[in-house]
file query.cif (mmCIF, C-alpha atoms and all ligand atoms)
data_my_file
loop_
_atom_site.group_PDB
_atom_site.id
_atom_site.type_symbol
_atom_site.label_atom_id
_atom_site.label_comp_id
_atom_site.auth_asym_id
_atom_site.auth_seq_id
_atom_site.Cartn_x
_atom_site.Cartn_y
_atom_site.Cartn_z
ATOM 1 C CA MET A 1121 4.349 135.250 146.554
ATOM 2 C CA SER A 1122 4.480 137.843 143.852
ATOM 3 C CA LEU A 1123 7.910 139.229 143.233
ATOM 4 C CA SER A 1124 7.935 142.384 141.190
ATOM 5 C CA ILE A 1125 11.062 142.729 139.080
ATOM 6 C CA LYS A 1126 11.989 145.861 137.161
ATOM 7 C CA GLN A 1127 15.062 145.712 134.948
ATOM 8 C CA LEU A 1128 17.259 148.778 135.452
ATOM 9 C CA HIS A 1129 19.790 148.423 132.649
ATOM 10 C CA PRO A 1130 19.355 147.141 129.087
ATOM 11 C CA LEU A 1131 21.625 144.152 129.803
ATOM 12 C CA PHE A 1132 21.324 143.273 133.496
ATOM 13 C CA ALA A 1133 20.495 144.553 137.003
ATOM 14 C CA ALA A 1134 16.977 144.636 138.397
ATOM 15 C CA GLU A 1135 15.080 146.164 141.276
ATOM 16 C CA VAL A 1136 13.012 143.673 143.232
ATOM 17 C CA SER A 1137 9.994 144.670 145.291
ATOM 18 C CA GLY A 1138 7.237 142.806 147.040
ATOM 19 C CA ILE A 1139 9.499 140.857 149.341
ATOM 20 C CA LYS A 1140 11.033 141.289 152.770
ATOM 21 C CA LEU A 1141 14.284 139.383 152.773
ATOM 22 C CA SER A 1142 14.927 137.370 155.896
ATOM 23 C CA PRO A 1143 16.323 134.032 157.050
ATOM 24 C CA SER A 1144 12.785 132.650 156.958
ATOM 25 C CA LEU A 1145 12.467 132.908 153.185
ATOM 26 C CA SER A 1146 10.604 129.914 151.873
ATOM 27 C CA ASP A 1147 12.405 127.488 149.603
ATOM 28 C CA ALA A 1148 10.140 128.642 146.779
ATOM 29 C CA GLN A 1149 11.069 132.276 147.393
ATOM 30 C CA ALA A 1150 14.774 131.433 147.514
ATOM 31 C CA ALA A 1151 14.451 129.483 144.260
ATOM 32 C CA GLU A 1152 12.650 132.382 142.603
ATOM 33 C CA LEU A 1153 15.370 134.767 143.706
ATOM 34 C CA HIS A 1154 18.059 132.392 142.446
ATOM 35 C CA ASP A 1155 16.371 132.375 139.045
ATOM 36 C CA ALA A 1156 16.330 136.169 139.040
ATOM 37 C CA ILE A 1157 19.998 136.309 140.038
ATOM 38 C CA ASN A 1158 20.897 133.953 137.205
ATOM 39 C CA GLN A 1159 19.084 136.198 134.761
ATOM 40 C CA TYR A 1160 19.927 139.705 135.993
ATOM 41 C CA ALA A 1161 23.150 139.144 138.020
ATOM 42 C CA ILE A 1162 22.394 142.216 140.176
ATOM 43 C CA LEU A 1163 19.293 142.445 142.375
ATOM 44 C CA ILE A 1164 18.473 145.593 144.338
ATOM 45 C CA PHE A 1165 16.082 145.614 147.295
ATOM 46 C CA HIS A 1166 15.017 148.806 149.069
ATOM 47 C CA ASP A 1167 13.709 149.347 152.583
ATOM 48 C CA GLN A 1168 15.115 146.152 154.070
ATOM 49 C CA HIS A 1169 16.202 145.623 157.652
ATOM 50 C CA PHE A 1170 18.916 143.323 158.899
ATOM 51 C CA ASP A 1171 20.912 143.133 162.065
ATOM 52 C CA ASP A 1172 24.171 141.183 161.839
ATOM 53 C CA ASP A 1173 22.494 137.896 162.784
ATOM 54 C CA GLU A 1174 19.779 138.294 160.168
ATOM 55 C CA LEU A 1175 22.220 139.297 157.450
ATOM 56 C CA LEU A 1176 24.387 136.248 158.103
ATOM 57 C CA ASP A 1177 21.460 133.858 158.361
ATOM 58 C CA THR A 1178 19.892 135.237 155.190
ATOM 59 C CA GLY A 1179 23.198 134.780 153.393
ATOM 60 C CA LYS A 1180 23.272 131.155 154.509
ATOM 61 C CA ARG A 1181 20.019 130.605 152.630
ATOM 62 C CA PHE A 1182 21.976 131.255 149.443
ATOM 63 C CA GLY A 1183 25.015 129.084 150.045
ATOM 64 C CA SER A 1184 28.130 128.310 152.035
ATOM 65 C CA ILE A 1185 29.604 131.492 153.538
ATOM 66 C CA ALA A 1186 33.035 132.638 152.401
ATOM 67 C CA PRO A 1187 35.219 134.067 155.167
ATOM 68 C CA PRO A 1188 36.238 137.678 154.447
ATOM 69 C CA ARG A 1189 39.749 138.949 154.664
ATOM 70 C CA ASN A 1190 39.541 141.792 157.147
ATOM 71 C CA HIS A 1191 42.953 143.429 157.171
ATOM 72 C CA ARG A 1192 43.937 143.900 160.813
ATOM 73 C CA SER A 1193 40.332 143.635 161.808
ATOM 74 C CA GLY A 1194 38.946 145.421 164.800
ATOM 75 C CA ASP A 1195 35.944 143.093 165.107
ATOM 76 C CA ARG A 1196 33.363 145.866 164.865
ATOM 77 C CA LEU A 1197 30.713 143.477 163.619
ATOM 78 C CA LYS A 1198 29.101 140.672 165.556
ATOM 79 C CA HIS A 1199 30.314 137.887 163.274
ATOM 80 C CA ALA A 1200 33.796 137.459 161.850
ATOM 81 C CA VAL A 1201 32.361 136.051 158.612
ATOM 82 C CA LEU A 1202 30.658 139.367 157.843
ATOM 83 C CA ALA A 1203 32.780 141.748 155.804
ATOM 84 C CA ASP A 1204 32.942 145.246 157.261
ATOM 85 C CA ILE A 1205 32.642 147.550 154.251
ATOM 86 C CA SER A 1206 32.873 150.766 156.220
ATOM 87 C CA ASN A 1207 35.266 153.555 157.087
ATOM 88 C CA LEU A 1208 34.761 153.030 160.830
ATOM 89 C CA ASP A 1209 36.978 151.628 163.551
ATOM 90 C CA GLN A 1210 35.855 149.275 166.310
ATOM 91 C CA ASN A 1211 34.506 152.254 168.263
ATOM 92 C CA GLY A 1212 32.410 153.436 165.325
ATOM 93 C CA GLU A 1213 34.685 156.409 164.701
ATOM 94 C CA LEU A 1214 35.985 157.537 161.323
ATOM 95 C CA ARG A 1215 39.309 156.004 160.402
ATOM 96 C CA LYS A 1216 42.179 158.437 159.884
ATOM 97 C CA ARG A 1217 43.692 158.968 156.449
ATOM 98 C CA ASP A 1218 46.796 156.921 157.280
ATOM 99 C CA ASP A 1219 44.879 154.049 158.923
ATOM 100 C CA THR A 1220 46.284 150.822 157.463
ATOM 101 C CA ARG A 1221 42.891 149.183 157.118
ATOM 102 C CA ARG A 1222 41.619 152.233 155.243
ATOM 103 C CA LEU A 1223 44.610 152.169 152.901
ATOM 104 C CA ASP A 1224 44.160 148.452 152.288
ATOM 105 C CA GLY A 1225 40.468 148.923 151.561
ATOM 106 C CA LEU A 1226 40.923 151.712 149.025
ATOM 107 C CA ALA A 1227 41.521 149.005 146.424
ATOM 108 C CA ASN A 1228 37.806 148.221 146.666
ATOM 109 C CA GLN A 1229 37.514 151.225 144.357
ATOM 110 C CA LEU A 1230 39.210 149.181 141.624
ATOM 111 C CA TRP A 1231 37.050 146.852 139.523
ATOM 112 C CA HIS A 1232 37.052 143.412 141.105
ATOM 113 C CA SER A 1233 35.122 140.233 141.798
ATOM 114 C CA ASP A 1234 34.839 139.411 145.504
ATOM 115 C CA ALA A 1235 37.193 136.687 146.669
ATOM 116 C CA SER A 1236 38.662 135.997 143.233
ATOM 117 C CA PHE A 1237 41.947 135.796 145.134
ATOM 118 C CA ARG A 1238 40.631 132.746 146.988
ATOM 119 C CA PRO A 1239 40.989 129.155 145.732
ATOM 120 C CA ILE A 1240 37.209 128.902 146.176
ATOM 121 C CA SER A 1241 36.105 132.244 144.857
ATOM 122 C CA GLY A 1242 33.015 134.278 145.676
ATOM 123 C CA GLU A 1243 29.585 133.424 144.307
ATOM 124 C CA LEU A 1244 26.948 135.818 145.620
ATOM 125 C CA SER A 1245 27.663 138.936 147.643
ATOM 126 C CA MET A 1246 24.906 140.563 149.680
ATOM 127 C CA LEU A 1247 25.732 144.098 150.768
ATOM 128 C CA TYR A 1248 23.483 145.940 153.181
ATOM 129 C CA ALA A 1249 23.519 149.687 153.829
ATOM 130 C CA HIS A 1250 23.242 150.831 157.446
ATOM 131 C CA VAL A 1251 24.672 154.317 156.930
ATOM 132 C CA VAL A 1252 25.359 156.045 153.623
ATOM 133 C CA PRO A 1253 27.218 159.310 153.015
ATOM 134 C CA PRO A 1254 25.258 162.331 151.775
ATOM 135 C CA GLU A 1255 27.189 162.282 148.522
ATOM 136 C CA GLY A 1256 29.429 159.820 146.648
ATOM 137 C CA GLY A 1257 30.074 156.209 147.545
ATOM 138 C CA ASP A 1258 28.036 154.660 144.735
ATOM 139 C CA THR A 1259 28.779 151.099 143.653
ATOM 140 C CA GLN A 1260 29.218 150.311 139.972
ATOM 141 C CA PHE A 1261 28.720 146.922 138.360
ATOM 142 C CA ALA A 1262 29.908 145.595 134.997
ATOM 143 C CA ASP A 1263 28.236 142.733 133.106
ATOM 144 C CA LEU A 1264 30.915 140.189 132.164
ATOM 145 C CA ARG A 1265 28.558 137.910 130.240
ATOM 146 C CA ALA A 1266 27.512 140.733 127.959
ATOM 147 C CA ALA A 1267 31.135 141.791 127.674
ATOM 148 C CA TYR A 1268 32.075 138.274 126.596
ATOM 149 C CA ASP A 1269 29.251 138.209 124.055
ATOM 150 C CA ALA A 1270 30.577 141.429 122.559
ATOM 151 C CA LEU A 1271 34.160 140.219 122.106
ATOM 152 C CA ASP A 1272 35.334 139.727 118.564
ATOM 153 C CA ASP A 1273 36.096 136.164 117.492
ATOM 154 C CA ASP A 1274 39.813 136.788 117.385
ATOM 155 C CA LEU A 1275 40.018 137.778 121.016
ATOM 156 C CA ARG A 1276 37.712 134.955 122.091
ATOM 157 C CA THR A 1277 40.064 132.480 120.450
ATOM 158 C CA ILE A 1278 43.111 134.035 122.092
ATOM 159 C CA ILE A 1279 41.708 133.823 125.612
ATOM 160 C CA ALA A 1280 39.789 130.551 125.302
ATOM 161 C CA ASP A 1281 42.109 128.361 127.352
ATOM 162 C CA HIS A 1282 43.963 130.916 129.405
ATOM 163 C CA TRP A 1283 44.108 131.013 133.176
ATOM 164 C CA ALA A 1284 44.985 134.071 135.233
ATOM 165 C CA GLU A 1285 46.820 134.294 138.512
ATOM 166 C CA HIS A 1286 44.933 136.260 141.168
ATOM 167 C CA SER A 1287 46.361 137.803 144.317
ATOM 168 C CA ILE A 1288 44.921 140.396 146.654
ATOM 169 C CA LEU A 1289 48.435 141.717 147.146
ATOM 170 C CA HIS A 1290 48.491 142.530 143.444
ATOM 171 C CA SER A 1291 45.364 144.711 143.580
ATOM 172 C CA ARG A 1292 46.703 146.561 146.620
ATOM 173 C CA GLY A 1293 50.045 146.928 144.903
ATOM 174 C CA LEU A 1294 48.371 148.639 141.960
ATOM 175 C CA LEU A 1295 47.695 151.534 144.348
ATOM 176 C CA GLY A 1296 51.165 151.365 145.810
ATOM 177 C CA TYR A 1297 50.117 149.774 149.094
ATOM 178 C CA SER A 1298 52.216 146.836 150.220
ATOM 179 C CA ASP A 1299 52.408 147.083 154.005
ATOM 180 C CA TYR A 1300 51.949 143.382 154.714
ATOM 181 C CA ASN A 1301 54.134 141.252 156.915
ATOM 182 C CA GLU A 1302 55.147 137.702 156.061
ATOM 183 C CA ALA A 1303 52.378 136.159 158.162
ATOM 184 C CA GLU A 1304 49.753 138.249 156.350
ATOM 185 C CA ARG A 1305 51.224 137.386 152.963
ATOM 186 C CA SER A 1306 51.262 133.697 153.763
ATOM 187 C CA LEU A 1307 47.490 133.769 154.342
ATOM 188 C CA VAL A 1308 46.775 134.884 150.783
ATOM 189 C CA PRO A 1309 48.842 132.793 148.358
ATOM 190 C CA GLU A 1310 48.326 133.323 144.632
ATOM 191 C CA VAL A 1311 45.535 131.297 143.026
ATOM 192 C CA ARG A 1312 44.570 130.505 139.426
ATOM 193 C CA HIS A 1313 41.210 130.804 137.686
ATOM 194 C CA PRO A 1314 40.161 130.451 134.038
ATOM 195 C CA VAL A 1315 39.749 133.738 132.172
ATOM 196 C CA VAL A 1316 36.550 132.426 130.580
ATOM 197 C CA ARG A 1317 34.041 130.389 132.540
ATOM 198 C CA THR A 1318 30.566 129.049 131.940
ATOM 199 C CA HIS A 1319 28.110 130.659 134.326
ATOM 200 C CA PRO A 1320 26.435 127.661 135.956
ATOM 201 C CA GLY A 1321 23.020 129.225 136.407
ATOM 202 C CA SER A 1322 22.569 130.524 132.878
ATOM 203 C CA LYS A 1323 25.022 128.373 130.912
ATOM 204 C CA ARG A 1324 26.289 131.595 129.336
ATOM 205 C CA GLN A 1325 29.985 132.211 128.857
ATOM 206 C CA SER A 1326 31.504 134.904 131.034
ATOM 207 C CA LEU A 1327 34.818 136.627 131.431
ATOM 208 C CA TYR A 1328 36.375 136.279 134.877
ATOM 209 C CA LEU A 1329 38.606 139.254 135.559
ATOM 210 C CA GLY A 1330 39.354 141.972 138.071
ATOM 211 C CA SER A 1331 42.093 143.881 139.793
ATOM 212 C CA HIS A 1332 43.274 140.822 141.714
ATOM 213 C CA ALA A 1333 44.188 139.207 138.372
ATOM 214 C CA SER A 1334 47.892 139.772 138.014
ATOM 215 C CA HIS A 1335 48.918 137.994 134.846
ATOM 216 C CA ILE A 1336 48.198 135.079 132.517
ATOM 217 C CA ILE A 1337 49.706 131.707 133.237
ATOM 218 C CA ASP A 1338 52.022 130.514 130.435
ATOM 219 C CA LEU A 1339 52.400 133.984 128.907
ATOM 220 C CA PRO A 1340 55.229 136.410 129.592
ATOM 221 C CA ILE A 1341 54.087 138.790 132.339
ATOM 222 C CA PRO A 1342 53.861 141.878 130.065
ATOM 223 C CA ASP A 1343 51.840 139.976 127.435
ATOM 224 C CA GLY A 1344 49.422 138.723 130.052
ATOM 225 C CA ARG A 1345 49.029 142.094 131.700
ATOM 226 C CA LEU A 1346 48.338 143.761 128.380
ATOM 227 C CA LEU A 1347 45.745 141.136 127.579
ATOM 228 C CA LEU A 1348 44.051 141.531 130.961
ATOM 229 C CA ARG A 1349 44.115 145.298 130.590
ATOM 230 C CA GLU A 1350 42.524 145.077 127.153
ATOM 231 C CA LEU A 1351 39.784 142.820 128.514
ATOM 232 C CA MET A 1352 39.171 145.067 131.516
ATOM 233 C CA GLU A 1353 38.910 148.162 129.336
ATOM 234 C CA HIS A 1354 36.478 146.337 127.098
ATOM 235 C CA ALA A 1355 34.341 144.956 129.928
ATOM 236 C CA THR A 1356 33.992 148.223 131.806
ATOM 237 C CA GLN A 1357 32.792 150.346 128.910
ATOM 238 C CA GLN A 1358 29.760 152.405 129.760
ATOM 239 C CA GLN A 1359 27.312 150.149 127.928
ATOM 240 C CA PHE A 1360 28.159 147.268 130.266
ATOM 241 C CA VAL A 1361 28.005 149.280 133.518
ATOM 242 C CA HIS A 1362 25.189 149.944 135.976
ATOM 243 C CA THR A 1363 25.620 152.417 138.844
ATOM 244 C CA HIS A 1364 23.805 151.973 142.144
ATOM 245 C CA SER A 1365 23.337 155.008 144.405
ATOM 246 C CA TRP A 1366 22.817 153.726 147.927
ATOM 247 C CA ARG A 1367 19.948 154.524 150.255
ATOM 248 C CA LYS A 1368 19.874 153.441 153.873
ATOM 249 C CA GLY A 1369 18.122 150.076 153.996
ATOM 250 C CA ASP A 1370 19.230 148.948 150.534
ATOM 251 C CA LEU A 1371 20.424 145.416 150.082
ATOM 252 C CA VAL A 1372 22.124 144.510 146.829
ATOM 253 C CA ILE A 1373 22.871 140.950 145.788
ATOM 254 C CA TRP A 1374 25.370 140.468 143.006
ATOM 255 C CA ASP A 1375 26.785 137.457 141.248
ATOM 256 C CA ASN A 1376 30.583 137.563 141.395
ATOM 257 C CA ARG A 1377 30.836 134.827 138.780
ATOM 258 C CA CYS A 1378 29.703 137.115 135.972
ATOM 259 C CA THR A 1379 30.131 140.696 137.156
ATOM 260 C CA LEU A 1380 32.760 143.136 138.327
ATOM 261 C CA HIS A 1381 32.109 145.929 140.790
ATOM 262 C CA ARG A 1382 33.845 148.865 142.366
ATOM 263 C CA GLY A 1383 33.033 151.418 145.028
ATOM 264 C CA LYS A 1384 33.138 155.030 143.971
ATOM 265 C CA ARG A 1385 34.985 157.744 145.820
ATOM 266 C CA TYR A 1386 33.395 159.658 148.703
ATOM 267 C CA ASP A 1387 34.776 161.884 151.435
ATOM 268 C CA ASP A 1388 35.585 159.102 153.871
ATOM 269 C CA ILE A 1389 37.506 161.418 156.176
ATOM 270 C CA LYS A 1390 34.337 163.453 156.706
ATOM 271 C CA TYR A 1391 31.312 161.173 156.243
ATOM 272 C CA LYS A 1392 30.446 157.791 157.711
ATOM 273 C CA ARG A 1393 29.585 154.926 155.391
ATOM 274 C CA ASP A 1394 28.586 151.658 157.045
ATOM 275 C CA LEU A 1395 27.873 148.766 154.711
ATOM 276 C CA ARG A 1396 28.084 145.116 155.724
ATOM 277 C CA ARG A 1397 28.487 142.164 153.431
ATOM 278 C CA VAL A 1398 28.091 138.452 153.384
ATOM 279 C CA THR A 1399 29.464 136.426 150.470
ATOM 280 C CA THR A 1400 28.836 132.830 149.511
ATOM 281 C CA GLN A 1401 31.405 130.472 148.049
ATOM 282 C CA ASP A 1402 31.434 129.470 144.399
ATOM 283 C CA LEU A 1403 31.737 125.754 144.910
ATOM 284 C CA THR A 1404 31.952 125.204 141.158
ATOM 285 C CA THR A 1405 35.487 126.523 141.536
ATOM 286 C CA VAL A 1406 36.200 123.021 142.707
ATOM 287 C CA ASP A 1407 35.383 121.825 139.190
ATOM 288 C CA HIS A 1408 38.277 123.932 137.944
ATOM 289 C CA ASN A 1409 40.533 122.865 140.800
ATOM 290 C CA PRO A 1410 39.568 119.295 141.725
ATOM 291 C CA GLU A 1411 42.099 119.156 144.515
ATOM 292 C CA LEU A 1412 40.174 121.756 146.469
ATOM 293 C CA VAL A 1413 38.015 120.723 149.363
ATOM 294 C CA PRO A 1414 35.174 123.152 150.134
ATOM 295 C CA ALA A 1415 35.371 124.883 153.478
ATOM 296 C CA SER A 1416 32.676 123.934 155.924
HETATM 297 FE FE FE B 1501 33.947 143.975 146.607
#

call {"tool": "encode", "arguments": {"input": "query.cif", "output": "structure tokens"}}
result
Amino acid sequence: MSLSIKQLHPLFAAEVSGIKLSPSLSDAQAAELHDAINQYAILIFHDQHFDDDELLDTGKRFGSIAPPRNHRSGDRLKHAVLADISNLDQNGELRKRDDTRRLDGLANQLWHSDASFRPISGELSMLYAHVVPPEGGDTQFADLRAAYDALDDDLRTIIADHWAEHSILHSRGLLGYSDYNEAERSLVPEVRHPVVRTHPGSKRQSLYLGSHASHIIDLPIPDGRLLLRELMEHATQQQFVHTHSWRKGDLVIWDNRCTLHRGKRYDDIKYKRDLRRVTTQDLTTVDHNPELVPAS
């Protein structure tokens, strides 16, 4: 096989051609793609085709699948483990402005790492575009390894041993949305992750941040929030950011262990946007939290 890889940003992100992704990838192809992911963190494939079965089965080639948190899901997709990144209800119709699932999902427009609010956080996300709006709705990515490299020594020392508490209710709360009952809250307890981690595939140090990160353990809340805000502002400077403008048939794989991403605004009351995602689990999280048992 001859993969063709074109780097799109001076630091990370690459377009891959010469391959049709599918569940029947050979082990050699999967290994080659893993190497590329470890190097570039973001891989973009055009002109792909997946139904829900194929997307899920392709995701399984890359790891253990992380269950999404679909807020009051309408089961529009064939498999519950696929994340419905759309503005559509179970009938395929546009959600209304006051739709609770829409309001919950607006926080996807804040910088985040998928499933950082889980004890076993997200490793790779694979997002496939069925329908894209005529304008807006880009996805931006930030390179957290490069951001770490660019920190001054003082700040590196300050954050070296810190852990942050992550909660999806925190990221939603940043936008003023808190319409969750006790049962829903109990499903998403706060979790802790190190602020700096070694990326297993590249052995490079990376920040681990995002809008789910509420505060720093063992620091007063305001100190921790200021520190996280400083790191987020640093990491999302333009020189660390790549913007992807979606085309129907695009599949983007990103590494949640060393990147942040956010969706950009589009007119979701007017235009349909139907993207579907599968995310694998970062089982190295267990190294940080030995008491965890990986989900099957
Ligand atoms: Fe996301």

call {"tool": "residues_around", "arguments": {"input": "query.cif", "residues": "Pro1314 (chain A)", "least_positions_apart": "3", "cutoff": "9 Å", "atoms": "all atoms listed in the file", "output": "ChimeraX atom specification"}}
result
/A:1280-1285,1317,1327-1328,1408

call {"tool": "resolve_selection", "arguments": {"input": "query.cif", "expression": "the PyMOL selection byres (((chain A and resi 1198-1209) around 8) and not hetatm)", "output": "list in words"}}
result
Asp1172, Asp1173, Leu1176, Ile1185, Ala1186, Pro1187, Pro1188, Arg1189, Asn1190, Gly1194, Asp1195, Arg1196, Leu1197, Gln1210, Asn1211, Gly1212, Glu1213, Leu1214, Arg1215, Arg1222, Asp1388, Lys1392, Arg1393, Asp1394, Leu1395, Arg1396, Arg1397 and Val1398 of chain A

call {"tool": "residues_around", "arguments": {"input": "query.cif", "residues": "region 1233-1237 of chain A", "least_positions_apart": "3", "cutoff": "7 Å", "atoms": "all atoms listed in the file", "output": "PyMOL selection string"}}
result
chain A and resi 1241-1242+1286-1288+1310-1311+1330+1332+1376+1379-1381

call {"tool": "resolve_selection", "arguments": {"input": "query.cif", "expression": "the PyMOL selection byres (((chain A and resi 1363) around 12) and not hetatm)", "output": "PyMOL selection string"}}
result
chain A and resi 1128-1129+1132-1134+1162+1164+1256-1263+1356+1358-1362+1364-1366+1372+1380-1384

call {"tool": "write_last_selection", "arguments": {"input": "query.cif", "atoms": "C-alpha atoms", "output": "PDB file, in the coordinates of the input"}}
result
ATOM      1  CA  LEU A1128      17.259 148.778 135.452  1.00  0.00           C
ATOM      2  CA  HIS A1129      19.790 148.423 132.649  1.00  0.00           C
ATOM      3  CA  PHE A1132      21.324 143.273 133.496  1.00  0.00           C
ATOM      4  CA  ALA A1133      20.495 144.553 137.003  1.00  0.00           C
ATOM      5  CA  ALA A1134      16.977 144.636 138.397  1.00  0.00           C
ATOM      6  CA  ILE A1162      22.394 142.216 140.176  1.00  0.00           C
ATOM      7  CA  ILE A1164      18.473 145.593 144.338  1.00  0.00           C
ATOM      8  CA  GLY A1256      29.429 159.820 146.648  1.00  0.00           C
ATOM      9  CA  GLY A1257      30.074 156.209 147.545  1.00  0.00           C
ATOM     10  CA  ASP A1258      28.036 154.660 144.735  1.00  0.00           C
ATOM     11  CA  THR A1259      28.779 151.099 143.653  1.00  0.00           C
ATOM     12  CA  GLN A1260      29.218 150.311 139.972  1.00  0.00           C
ATOM     13  CA  PHE A1261      28.720 146.922 138.360  1.00  0.00           C
ATOM     14  CA  ALA A1262      29.908 145.595 134.997  1.00  0.00           C
ATOM     15  CA  ASP A1263      28.236 142.733 133.106  1.00  0.00           C
ATOM     16  CA  THR A1356      33.992 148.223 131.806  1.00  0.00           C
ATOM     17  CA  GLN A1358      29.760 152.405 129.760  1.00  0.00           C
ATOM     18  CA  GLN A1359      27.312 150.149 127.928  1.00  0.00           C
ATOM     19  CA  PHE A1360      28.159 147.268 130.266  1.00  0.00           C
ATOM     20  CA  VAL A1361      28.005 149.280 133.518  1.00  0.00           C
ATOM     21  CA  HIS A1362      25.189 149.944 135.976  1.00  0.00           C
ATOM     22  CA  HIS A1364      23.805 151.973 142.144  1.00  0.00           C
ATOM     23  CA  SER A1365      23.337 155.008 144.405  1.00  0.00           C
ATOM     24  CA  TRP A1366      22.817 153.726 147.927  1.00  0.00           C
ATOM     25  CA  VAL A1372      22.124 144.510 146.829  1.00  0.00           C
ATOM     26  CA  LEU A1380      32.760 143.136 138.327  1.00  0.00           C
ATOM     27  CA  HIS A1381      32.109 145.929 140.790  1.00  0.00           C
ATOM     28  CA  ARG A1382      33.845 148.865 142.366  1.00  0.00           C
ATOM     29  CA  GLY A1383      33.033 151.418 145.028  1.00  0.00           C
ATOM     30  CA  LYS A1384      33.138 155.030 143.971  1.00  0.00           C
TER      31      LYS A1384
END

call {"tool": "closest_residue", "arguments": {"input": "query.cif", "among": "A:Ala1267, A:Asp1224, A:Asp1375, A:Val1315", "to": "Gln1357 (chain A)", "atoms": "all atoms listed in the file"}}
result
A:Ala1267

call {"tool": "closest_residue", "arguments": {"input": "query.cif", "among": "A:Glu1243, A:Asp1387, A:Glu1135, A:Asp1219", "to": "ligand FE 1501 (chain B)", "atoms": "all atoms listed in the file"}}
result
A:Glu1243

call {"tool": "atom_distance", "arguments": {"input": "query.cif", "atom1": "CA of Glu1152 (chain A)", "atom2": "CA of Ala1270 (chain A)"}}
result
28.4 Å

call {"tool": "atom_distance", "arguments": {"input": "query.cif", "atom1": "CA of Leu1223 (chain A)", "atom2": "CA of Gly1293 (chain A)"}}
result
11.0 Å

call {"tool": "closest_residue", "arguments": {"input": "query.cif", "among": "A:Pro1309, A:Gly1138, A:Pro1320, A:Gly1344", "to": "His1154 (chain A)", "atoms": "all atoms listed in the file"}}
result
A:Pro1320

call {"tool": "atom_distance", "arguments": {"input": "query.cif", "atom1": "CA of Asn1228 (chain A)", "atom2": "CA of Ser1291 (chain A)"}}
result
8.9 Å

call {"tool": "residues_around", "arguments": {"input": "query.cif", "residues": "Arg1349 (chain A)", "least_positions_apart": "5", "cutoff": "12 Å", "atoms": "only C-alpha atoms", "output": "list in words"}}
result
Trp1231, Leu1329, Gly1330, Ser1331, Ala1333, Ser1334, His1335, Ile1336, Pro1342, Asp1343, Gly1344, His1354, Ala1355 and Thr1356 of chain A

call {"tool": "resolve_selection", "arguments": {"input": "query.cif", "expression": "the PyMOL selection byres (((chain A and resi 1158) around 9) and not hetatm)", "output": "list of chain:residue names"}}
result
A:Leu1153, A:His1154, A:Asp1155, A:Ala1156, A:Ile1157, A:Gln1159, A:Tyr1160, A:Ala1161, A:Ile1162, A:His1319, A:Pro1320, A:Gly1321, A:Ser1322, A:Asp1375

call {"tool": "closest_residue", "arguments": {"input": "query.cif", "among": "A:Ala1148, A:Val1316, A:Leu1403, A:Leu1141", "to": "Leu1271 (chain A)", "atoms": "only C-alpha atoms"}}
result
A:Val1316
